[in-house]
file protein-v6.csv (CSV, N, CA and C atoms)
chain,number,residue,atom,x,y,z
A,1,MET,N,-20.6,-34.4,55.0
A,1,MET,CA,-20.7,-34.7,53.6
A,1,MET,C,-21.9,-34.0,52.9
A,2,ARG,N,-21.7,-32.8,52.6
A,2,ARG,CA,-22.7,-32.0,51.9
A,2,ARG,C,-22.2,-31.5,50.6
A,3,PRO,N,-22.8,-31.8,49.5
A,3,PRO,CA,-22.3,-31.4,48.2
A,3,PRO,C,-22.4,-29.9,47.9
A,4,ALA,N,-23.3,-29.3,48.7
A,4,ALA,CA,-23.6,-27.8,48.5
A,4,ALA,C,-24.2,-27.3,49.8
A,5,PRO,N,-23.9,-26.0,50.1
A,5,PRO,CA,-24.6,-25.5,51.3
A,5,PRO,C,-26.1,-25.6,51.3
A,6,GLY,N,-26.7,-26.0,52.4
A,6,GLY,CA,-28.1,-26.1,52.5
A,6,GLY,C,-28.7,-27.5,52.0
A,7,VAL,N,-27.9,-28.3,51.4
A,7,VAL,CA,-28.3,-29.7,51.0
A,7,VAL,C,-28.1,-30.6,52.2
A,8,GLN,N,-29.1,-31.3,52.5
A,8,GLN,CA,-29.1,-32.3,53.6
A,8,GLN,C,-28.6,-33.7,53.2
A,9,ALA,N,-27.6,-34.2,53.8
A,9,ALA,CA,-27.2,-35.6,53.5
A,9,ALA,C,-28.0,-36.5,54.4
A,10,VAL,N,-28.3,-37.7,53.8
A,10,VAL,CA,-29.1,-38.7,54.5
A,10,VAL,C,-28.4,-40.0,54.5
A,11,GLY,N,-28.7,-40.8,55.5
A,11,GLY,CA,-28.2,-42.2,55.5
A,11,GLY,C,-29.3,-43.2,55.1
A,12,GLU,N,-29.1,-44.4,55.3
A,12,GLU,CA,-30.1,-45.4,54.8
A,12,GLU,C,-31.4,-45.3,55.6
A,13,LYS,N,-31.4,-45.1,56.9
A,13,LYS,CA,-32.6,-45.0,57.6
A,13,LYS,C,-33.5,-43.9,57.1
A,14,GLU,N,-32.9,-42.7,56.9
A,14,GLU,CA,-33.6,-41.6,56.4
A,14,GLU,C,-34.1,-41.8,55.0
A,15,LEU,N,-33.2,-42.4,54.2
A,15,LEU,CA,-33.6,-42.7,52.8
A,15,LEU,C,-34.8,-43.6,52.7
A,16,LEU,N,-34.8,-44.7,53.5
A,16,LEU,CA,-36.0,-45.6,53.5
A,16,LEU,C,-37.2,-44.8,53.9
A,17,GLU,N,-37.1,-43.9,54.9
A,17,GLU,CA,-38.3,-43.1,55.2
A,17,GLU,C,-38.8,-42.2,54.1
A,18,LEU,N,-37.8,-41.6,53.4
A,18,LEU,CA,-38.1,-40.7,52.3
A,18,LEU,C,-38.8,-41.5,51.1
A,19,ILE,N,-38.3,-42.7,50.9
A,19,ILE,CA,-38.8,-43.6,49.9
A,19,ILE,C,-40.3,-44.0,50.2
A,20,ALA,N,-40.5,-44.3,51.5
A,20,ALA,CA,-41.8,-44.6,52.0
A,20,ALA,C,-42.8,-43.5,51.8
A,21,ASP,N,-42.3,-42.3,51.9
A,21,ASP,CA,-43.1,-41.0,51.8
A,21,ASP,C,-43.3,-40.6,50.3
A,22,GLY,N,-42.7,-41.4,49.4
A,22,GLY,CA,-42.8,-41.1,47.9
A,22,GLY,C,-41.9,-40.1,47.4
A,23,VAL,N,-40.9,-39.7,48.1
A,23,VAL,CA,-39.9,-38.8,47.6
A,23,VAL,C,-39.2,-39.4,46.4
A,24,PRO,N,-39.1,-38.7,45.3
A,24,PRO,CA,-38.4,-39.3,44.1
A,24,PRO,C,-36.9,-39.5,44.3
A,25,LEU,N,-36.4,-40.6,43.8
A,25,LEU,CA,-35.0,-40.9,43.8
A,25,LEU,C,-34.4,-40.6,42.4
A,26,VAL,N,-33.3,-39.9,42.4
A,26,VAL,CA,-32.6,-39.6,41.2
A,26,VAL,C,-31.2,-40.2,41.2
A,27,ASP,N,-30.9,-41.2,40.3
A,27,ASP,CA,-29.6,-41.8,40.2
A,27,ASP,C,-28.8,-40.8,39.3
A,28,GLY,N,-27.8,-40.2,39.9
A,28,GLY,CA,-27.0,-39.2,39.1
A,28,GLY,C,-25.9,-39.7,38.4
A,29,ARG,N,-25.8,-41.1,38.3
A,29,ARG,CA,-24.7,-41.7,37.6
A,29,ARG,C,-24.9,-41.7,36.1
A,30,THR,N,-23.9,-42.0,35.3
A,30,THR,CA,-24.1,-42.1,33.9
A,30,THR,C,-24.9,-43.3,33.6
A,31,ARG,N,-25.5,-43.3,32.4
A,31,ARG,CA,-26.5,-44.3,32.0
A,31,ARG,C,-26.0,-45.8,32.1
A,32,ASP,N,-24.7,-46.0,31.8
A,32,ASP,CA,-24.1,-47.3,31.8
A,32,ASP,C,-24.1,-47.9,33.2
A,33,PHE,N,-23.8,-47.1,34.2
A,33,PHE,CA,-23.9,-47.6,35.6
A,33,PHE,C,-25.4,-47.9,36.0
A,34,TYR,N,-26.3,-46.9,35.7
A,34,TYR,CA,-27.7,-47.0,36.0
A,34,TYR,C,-28.3,-48.3,35.4
A,35,GLU,N,-28.0,-48.6,34.2
A,35,GLU,CA,-28.6,-49.8,33.5
A,35,GLU,C,-28.2,-51.1,34.2
A,36,LYS,N,-27.0,-51.2,34.8
A,36,LYS,CA,-26.6,-52.4,35.5
A,36,LYS,C,-27.3,-52.6,36.8
A,37,ALA,N,-27.5,-51.6,37.6
A,37,ALA,CA,-28.2,-51.7,38.8
A,37,ALA,C,-28.4,-50.3,39.4
A,38,THR,N,-29.6,-50.2,40.1
A,38,THR,CA,-29.9,-48.9,40.7
A,38,THR,C,-30.9,-49.2,41.9
A,39,LEU,N,-31.2,-48.2,42.7
A,39,LEU,CA,-32.1,-48.4,43.8
A,39,LEU,C,-33.5,-48.6,43.2
A,40,PRO,N,-34.3,-49.4,43.8
A,40,PRO,CA,-35.7,-49.6,43.3
A,40,PRO,C,-36.4,-48.3,43.1
A,41,GLY,N,-37.0,-48.1,42.0
A,41,GLY,CA,-37.8,-46.9,41.7
A,41,GLY,C,-37.0,-45.7,41.3
A,42,ALA,N,-35.7,-45.7,41.2
A,42,ALA,CA,-34.9,-44.5,40.9
A,42,ALA,C,-35.0,-44.2,39.4
A,43,VAL,N,-35.0,-43.0,39.1
A,43,VAL,CA,-34.9,-42.5,37.7
A,43,VAL,C,-33.5,-42.1,37.4
A,44,ASN,N,-33.0,-42.2,36.2
A,44,ASN,CA,-31.7,-41.8,35.8
A,44,ASN,C,-31.7,-40.3,35.3
A,45,VAL,N,-31.0,-39.5,35.9
A,45,VAL,CA,-30.7,-38.1,35.4
A,45,VAL,C,-29.2,-38.0,35.6
A,46,PRO,N,-28.4,-38.3,34.6
A,46,PRO,CA,-26.9,-38.2,34.8
A,46,PRO,C,-26.5,-36.8,35.2
A,47,PHE,N,-25.5,-36.8,36.1
A,47,PHE,CA,-25.1,-35.5,36.7
A,47,PHE,C,-24.9,-34.4,35.8
A,48,ASP,N,-24.4,-34.7,34.6
A,48,ASP,CA,-24.1,-33.6,33.6
A,48,ASP,C,-25.4,-33.2,32.8
A,49,GLU,N,-26.5,-33.8,33.2
A,49,GLU,CA,-27.8,-33.4,32.6
A,49,GLU,C,-28.7,-32.7,33.6
A,50,ALA,N,-28.3,-32.7,34.9
A,50,ALA,CA,-29.2,-32.3,35.9
A,50,ALA,C,-29.8,-30.9,35.7
A,51,VAL,N,-29.0,-29.9,35.4
A,51,VAL,CA,-29.4,-28.6,35.3
A,51,VAL,C,-30.4,-28.5,34.1
A,52,HIS,N,-30.1,-29.1,33.0
A,52,HIS,CA,-31.0,-29.1,31.8
A,52,HIS,C,-32.3,-29.8,32.0
A,53,ARG,N,-32.3,-30.8,33.0
A,53,ARG,CA,-33.5,-31.6,33.2
A,53,ARG,C,-34.2,-31.2,34.6
A,54,ARG,N,-33.9,-30.1,35.1
A,54,ARG,CA,-34.4,-29.7,36.5
A,54,ARG,C,-35.9,-29.7,36.5
A,55,ALA,N,-36.6,-29.4,35.4
A,55,ALA,CA,-38.0,-29.3,35.4
A,55,ALA,C,-38.7,-30.6,35.8
A,56,GLU,N,-37.9,-31.7,35.6
A,56,GLU,CA,-38.4,-33.1,36.0
A,56,GLU,C,-38.7,-33.2,37.5
A,57,PHE,N,-38.0,-32.4,38.3
A,57,PHE,CA,-38.2,-32.5,39.7
A,57,PHE,C,-38.5,-31.2,40.4
A,58,GLU,N,-38.8,-30.2,39.6
A,58,GLU,CA,-39.2,-28.9,40.2
A,58,GLU,C,-40.5,-28.9,41.0
A,59,ALA,N,-41.4,-29.8,40.5
A,59,ALA,CA,-42.8,-29.9,41.2
A,59,ALA,C,-42.7,-30.6,42.5
A,60,ASN,N,-41.6,-31.3,42.8
A,60,ASN,CA,-41.5,-32.1,44.0
A,60,ASN,C,-41.0,-31.2,45.2
A,61,GLU,N,-41.6,-31.5,46.3
A,61,GLU,CA,-41.1,-30.7,47.5
A,61,GLU,C,-39.7,-31.1,47.9
A,62,GLN,N,-39.4,-32.4,47.7
A,62,GLN,CA,-38.0,-32.9,47.9
A,62,GLN,C,-37.6,-33.8,46.8
A,63,VAL,N,-36.3,-34.0,46.7
A,63,VAL,CA,-35.8,-35.0,45.7
A,63,VAL,C,-34.5,-35.5,46.3
A,64,VAL,N,-34.2,-36.8,46.1
A,64,VAL,CA,-33.0,-37.4,46.7
A,64,VAL,C,-32.1,-37.8,45.5
A,65,PHE,N,-30.9,-37.4,45.6
A,65,PHE,CA,-29.9,-37.7,44.6
A,65,PHE,C,-28.9,-38.7,45.2
A,66,PHE,N,-28.4,-39.6,44.4
A,66,PHE,CA,-27.3,-40.5,44.9
A,66,PHE,C,-26.5,-40.9,43.7
A,67,CYS,N,-25.3,-41.5,43.9
A,67,CYS,CA,-24.5,-42.0,42.9
A,67,CYS,C,-23.8,-43.3,43.4
A,68,ASN,N,-22.5,-43.5,43.1
A,68,ASN,CA,-21.8,-44.7,43.5
A,68,ASN,C,-21.4,-44.7,45.0
A,69,GLY,N,-21.3,-43.6,45.7
A,69,GLY,CA,-21.0,-43.6,47.1
A,69,GLY,C,-20.1,-42.4,47.4
A,70,PRO,N,-19.6,-42.4,48.6
A,70,PRO,CA,-18.8,-41.3,49.1
A,70,PRO,C,-17.6,-40.9,48.2
A,71,GLN,N,-17.1,-41.8,47.5
A,71,GLN,CA,-15.9,-41.6,46.7
A,71,GLN,C,-16.3,-41.0,45.3
A,72,CYS,N,-17.5,-41.0,45.0
A,72,CYS,CA,-18.0,-40.7,43.7
A,72,CYS,C,-18.4,-39.2,43.6
A,73,PRO,N,-17.9,-38.5,42.6
A,73,PRO,CA,-18.3,-37.1,42.5
A,73,PRO,C,-19.5,-36.8,41.6
A,74,GLN,N,-20.1,-37.8,41.0
A,74,GLN,CA,-21.2,-37.5,40.0
A,74,GLN,C,-22.4,-36.8,40.6
A,75,SER,N,-23.1,-37.3,41.5
A,75,SER,CA,-24.3,-36.6,42.0
A,75,SER,C,-23.9,-35.3,42.8
A,76,PRO,N,-22.8,-35.3,43.6
A,76,PRO,CA,-22.4,-34.0,44.2
A,76,PRO,C,-22.2,-32.9,43.1
A,77,THR,N,-21.6,-33.3,42.0
A,77,THR,CA,-21.4,-32.3,40.9
A,77,THR,C,-22.7,-31.8,40.4
A,78,GLY,N,-23.6,-32.7,40.1
A,78,GLY,CA,-24.9,-32.4,39.6
A,78,GLY,C,-25.7,-31.5,40.6
A,79,ILE,N,-25.6,-31.8,41.9
A,79,ILE,CA,-26.3,-31.1,42.9
A,79,ILE,C,-25.7,-29.7,43.0
A,80,GLN,N,-24.4,-29.5,43.0
A,80,GLN,CA,-23.7,-28.2,43.0
A,80,GLN,C,-24.2,-27.4,41.8
A,81,GLN,N,-24.2,-28.0,40.6
A,81,GLN,CA,-24.7,-27.2,39.5
A,81,GLN,C,-26.1,-26.8,39.6
A,82,LEU,N,-27.0,-27.7,40.1
A,82,LEU,CA,-28.4,-27.3,40.3
A,82,LEU,C,-28.5,-26.1,41.2
A,83,VAL,N,-27.8,-26.2,42.4
A,83,VAL,CA,-27.9,-25.1,43.3
A,83,VAL,C,-27.4,-23.8,42.7
A,84,GLU,N,-26.3,-23.9,42.0
A,84,GLU,CA,-25.8,-22.7,41.4
A,84,GLU,C,-26.7,-22.1,40.3
A,85,ALA,N,-27.5,-23.0,39.7
A,85,ALA,CA,-28.5,-22.5,38.7
A,85,ALA,C,-29.8,-22.0,39.4
A,86,GLY,N,-29.9,-22.1,40.7
A,86,GLY,CA,-31.0,-21.5,41.4
A,86,GLY,C,-32.0,-22.5,42.0
A,87,PHE,N,-31.8,-23.8,41.8
A,87,PHE,CA,-32.7,-24.8,42.4
A,87,PHE,C,-32.5,-24.7,43.9
A,88,PRO,N,-33.6,-24.7,44.7
A,88,PRO,CA,-33.5,-24.6,46.2
A,88,PRO,C,-32.8,-25.7,46.8
A,89,ALA,N,-31.6,-25.4,47.5
A,89,ALA,CA,-30.8,-26.4,48.1
A,89,ALA,C,-31.6,-27.2,49.2
A,90,ASP,N,-32.5,-26.5,49.9
A,90,ASP,CA,-33.2,-27.1,51.0
A,90,ASP,C,-34.2,-28.2,50.5
A,91,ARG,N,-34.5,-28.3,49.2
A,91,ARG,CA,-35.3,-29.3,48.7
A,91,ARG,C,-34.6,-30.6,48.2
A,92,ILE,N,-33.3,-30.5,48.3
A,92,ILE,CA,-32.4,-31.6,47.8
A,92,ILE,C,-31.9,-32.4,49.0
A,93,ARG,N,-32.0,-33.7,48.9
A,93,ARG,CA,-31.4,-34.6,49.8
A,93,ARG,C,-30.3,-35.4,49.1
A,94,TYR,N,-29.2,-35.7,49.7
A,94,TYR,CA,-28.1,-36.4,49.1
A,94,TYR,C,-27.9,-37.7,49.9
A,95,TYR,N,-28.1,-38.9,49.3
A,95,TYR,CA,-27.8,-40.1,49.9
A,95,TYR,C,-26.3,-40.4,49.8
A,96,ARG,N,-25.6,-40.1,50.8
A,96,ARG,CA,-24.2,-40.1,50.8
A,96,ARG,C,-23.6,-41.5,50.6
A,97,GLY,N,-24.3,-42.6,51.0
A,97,GLY,CA,-23.7,-43.9,50.9
A,97,GLY,C,-23.7,-44.5,49.5
A,98,GLY,N,-24.7,-44.0,48.7
A,98,GLY,CA,-24.8,-44.4,47.3
A,98,GLY,C,-24.9,-45.9,47.1
A,99,MET,N,-24.7,-46.3,45.9
A,99,MET,CA,-24.8,-47.7,45.6
A,99,MET,C,-23.8,-48.6,46.4
A,100,HIS,N,-22.7,-48.1,46.6
A,100,HIS,CA,-21.7,-48.8,47.4
A,100,HIS,C,-22.2,-49.3,48.7
A,101,ASP,N,-22.7,-48.4,49.5
A,101,ASP,CA,-23.2,-48.7,50.9
A,101,ASP,C,-24.5,-49.5,50.8
A,102,TRP,N,-25.3,-49.2,49.8
A,102,TRP,CA,-26.6,-49.8,49.7
A,102,TRP,C,-26.4,-51.3,49.4
A,103,VAL,N,-25.5,-51.6,48.5
A,103,VAL,CA,-25.2,-53.0,48.1
A,103,VAL,C,-24.5,-53.7,49.2
A,104,THR,N,-23.6,-53.0,49.9
A,104,THR,CA,-22.8,-53.6,51.0
A,104,THR,C,-23.8,-54.1,52.1
A,105,LEU,N,-24.8,-53.3,52.3
A,105,LEU,CA,-25.8,-53.6,53.4
A,105,LEU,C,-26.8,-54.7,52.9
A,106,GLY,N,-26.7,-55.1,51.7
A,106,GLY,CA,-27.6,-56.2,51.2
A,106,GLY,C,-29.0,-55.7,50.8
A,107,LEU,N,-29.1,-54.4,50.6
A,107,LEU,CA,-30.4,-53.8,50.3
A,107,LEU,C,-30.7,-54.1,48.8
A,108,PRO,N,-32.0,-54.1,48.4
A,108,PRO,CA,-32.4,-54.5,47.0
A,108,PRO,C,-32.0,-53.5,46.0
A,109,THR,N,-31.7,-54.0,44.8
A,109,THR,CA,-31.4,-53.2,43.6
A,109,THR,C,-32.2,-53.8,42.5
A,110,GLU,N,-32.3,-53.0,41.4
A,110,GLU,CA,-32.9,-53.5,40.2
A,110,GLU,C,-32.2,-52.9,39.0
A,111,PRO,N,-32.3,-53.6,37.8
A,111,PRO,CA,-31.7,-53.0,36.7
A,111,PRO,C,-32.4,-51.7,36.3
A,112,GLY,N,-31.6,-50.7,35.8
A,112,GLY,CA,-32.2,-49.5,35.4
A,112,GLY,C,-33.2,-49.7,34.2
A,113,ARG,N,-34.3,-49.0,34.2
A,113,ARG,CA,-35.3,-49.2,33.2
A,113,ARG,C,-35.3,-48.1,32.2
A,114,ASP,N,-35.6,-48.4,30.9
A,114,ASP,CA,-35.7,-47.4,29.9
A,114,ASP,C,-36.9,-46.5,30.1
A,115,PRO,N,-36.7,-45.2,30.1
A,115,PRO,CA,-37.8,-44.3,30.4
A,115,PRO,C,-38.9,-44.3,29.3
A,116,ALA,N,-38.6,-44.9,28.2
A,116,ALA,CA,-39.6,-44.8,27.1
A,116,ALA,C,-40.8,-45.8,27.3
call {"tool": "encode", "arguments": {"input": "protein-v6.csv", "output": "structure tokens"}}
result
Amino acid sequence: MRPAPGVQAVGEKELLELIADGVPLVDGRTRDFYEKATLPGAVNVPFDEAVHRRAEFEANEQVVFFCNGPQCPQSPTGIQQLVEAGFPADRIRYYRGGMHDWVTLGLPTEPGRDPA
């Protein structure tokens, strides 16, 4: 499950390690989904805005994208567009389980927060 060549997919164990290391989390879902619940500390960059907002994560060595889960095309679409626009695929991680698996495992969520 790789949304683009060179992008590494991660599971919960790897994601928890990345979070502990301070790697930014990007919720690629639309704002309405994000506002209801997201992973703690995630910022919302809807998949259709990822290319236009890439400067927000260009300074980071790595960035993790996620959406609703394996059945959801939102973050994979945003990732594909980023890679096609020249963002280095090897700096992107894709949490394949998304909100579906995260919630199913009983891991914590929080309401999305207004960036203002």
call {"tool": "select_by_dssp", "arguments": {"input": "protein-v6.csv", "residues": "range 24-115 of chain A", "states": "strand (DSSP E or B)", "output": "list in words"}}
result
Leu25, Val26, Asp27, Thr38, Val43, Asn44, Val63, Val64, Phe65, Phe66, Ile92, Arg93, Tyr94, Tyr95 and Glu110 of chain A
call {"tool": "residues_near_point", "arguments": {"input": "protein-v6.csv", "point": "(-28.5, -36.3, 37.5)", "cutoff": "5 Å", "atoms": "only N, CA and C atoms", "output": "JSON, numbers by chain"}}
result
{"A": [27, 28, 45, 46, 47, 50]}
call {"tool": "atom_distance", "arguments": {"input": "protein-v6.csv", "atom1": "CA of Gly86 in chain A", "atom2": "atom N of Val63 in chain A"}}
result
14.6 Å
call {"tool": "closest_residue", "arguments": {"input": "protein-v6.csv", "among": "A:Gly22, A:Glu17, A:Gln62, A:Lys36", "to": "Phe87 in chain A", "atoms": "only C-alpha atoms"}}
result
A:Gln62
call {"tool": "atom_distance", "arguments": {"input": "protein-v6.csv", "atom1": "atom N of Gln80 in chain A", "atom2": "atom C of Leu105 in chain A"}}
result
27.2 Å
call {"tool": "closest_residue", "arguments": {"input": "protein-v6.csv", "among": "A:Glu56, A:Glu61, A:Asp101, A:Asp48", "to": "Ile79 in chain A", "atoms": "all atoms listed in the file"}}
result
A:Asp48
call {"tool": "closest_residue", "arguments": {"input": "protein-v6.csv", "among": "A:Arg96, A:Arg54, A:Arg91, A:Arg113", "to": "Cys67 in chain A", "atoms": "all atoms listed in the file"}}
result
A:Arg96
call {"tool": "residues_near_point", "arguments": {"input": "protein-v6.csv", "point": "(-29.8, -28.1, 34.1)", "cutoff": "9 Å", "atoms": "only C-alpha atoms", "output": "list in words"}}
result
Asp48, Glu49, Ala50, Val51, His52, Arg53, Arg54, Ala55, Gly78, Gln81, Leu82 and Ala85 of chain A
call {"tool": "write_last_selection", "arguments": {"input": "protein-v6.csv", "atoms": "N, CA and C atoms", "output": "PDB file, keeping the file's coordinate frame"}}
result
ATOM      1  N   ASP A  48     -24.400 -34.700  34.600  1.00  0.00           N
ATOM      2  CA  ASP A  48     -24.100 -33.600  33.600  1.00  0.00           C
ATOM      3  C   ASP A  48     -25.400 -33.200  32.800  1.00  0.00           C
ATOM      4  N   GLU A  49     -26.500 -33.800  33.200  1.00  0.00           N
ATOM      5  CA  GLU A  49     -27.800 -33.400  32.600  1.00  0.00           C
ATOM      6  C   GLU A  49     -28.700 -32.700  33.600  1.00  0.00           C
ATOM      7  N   ALA A  50     -28.300 -32.700  34.900  1.00  0.00           N
ATOM      8  CA  ALA A  50     -29.200 -32.300  35.900  1.00  0.00           C
ATOM      9  C   ALA A  50     -29.800 -30.900  35.700  1.00  0.00           C
ATOM     10  N   VAL A  51     -29.000 -29.900  35.400  1.00  0.00           N
ATOM     11  CA  VAL A  51     -29.400 -28.600  35.300  1.00  0.00           C
ATOM     12  C   VAL A  51     -30.400 -28.500  34.100  1.00  0.00           C
ATOM     13  N   HIS A  52     -30.100 -29.100  33.000  1.00  0.00           N
ATOM     14  CA  HIS A  52     -31.000 -29.100  31.800  1.00  0.00           C
ATOM     15  C   HIS A  52     -32.300 -29.800  32.000  1.00  0.00           C
ATOM     16  N   ARG A  53     -32.300 -30.800  33.000  1.00  0.00           N
ATOM     17  CA  ARG A  53     -33.500 -31.600  33.200  1.00  0.00           C
ATOM     18  C   ARG A  53     -34.200 -31.200  34.600  1.00  0.00           C
ATOM     19  N   ARG A  54     -33.900 -30.100  35.100  1.00  0.00           N
ATOM     20  CA  ARG A  54     -34.400 -29.700  36.500  1.00  0.00           C
ATOM     21  C   ARG A  54     -35.900 -29.700  36.500  1.00  0.00           C
ATOM     22  N   ALA A  55     -36.600 -29.400  35.400  1.00  0.00           N
ATOM     23  CA  ALA A  55     -38.000 -29.300  35.400  1.00  0.00           C
ATOM     24  C   ALA A  55     -38.700 -30.600  35.800  1.00  0.00           C
ATOM     25  N   GLY A  78     -23.600 -32.700  40.100  1.00  0.00           N
ATOM     26  CA  GLY A  78     -24.900 -32.400  39.600  1.00  0.00           C
ATOM     27  C   GLY A  78     -25.700 -31.500  40.600  1.00  0.00           C
ATOM     28  N   GLN A  81     -24.200 -28.000  40.600  1.00  0.00           N
ATOM     29  CA  GLN A  81     -24.700 -27.200  39.500  1.00  0.00           C
ATOM     30  C   GLN A  81     -26.100 -26.800  39.600  1.00  0.00           C
ATOM     31  N   LEU A  82     -27.000 -27.700  40.100  1.00  0.00           N
ATOM     32  CA  LEU A  82     -28.400 -27.300  40.300  1.00  0.00           C
ATOM     33  C   LEU A  82     -28.500 -26.100  41.200  1.00  0.00           C
ATOM     34  N   ALA A  85     -27.500 -23.000  39.700  1.00  0.00           N
ATOM     35  CA  ALA A  85     -28.500 -22.500  38.700  1.00  0.00           C
ATOM     36  C   ALA A  85     -29.800 -22.000  39.400  1.00  0.00           C
TER      37      ALA A  85
END
call {"tool": "closest_residue", "arguments": {"input": "protein-v6.csv", "among": "A:Gly97, A:Gly106, A:Pro24, A:Pro40", "to": "Gly69 in chain A", "atoms": "only N, CA and C atoms"}}
result
A:Gly97
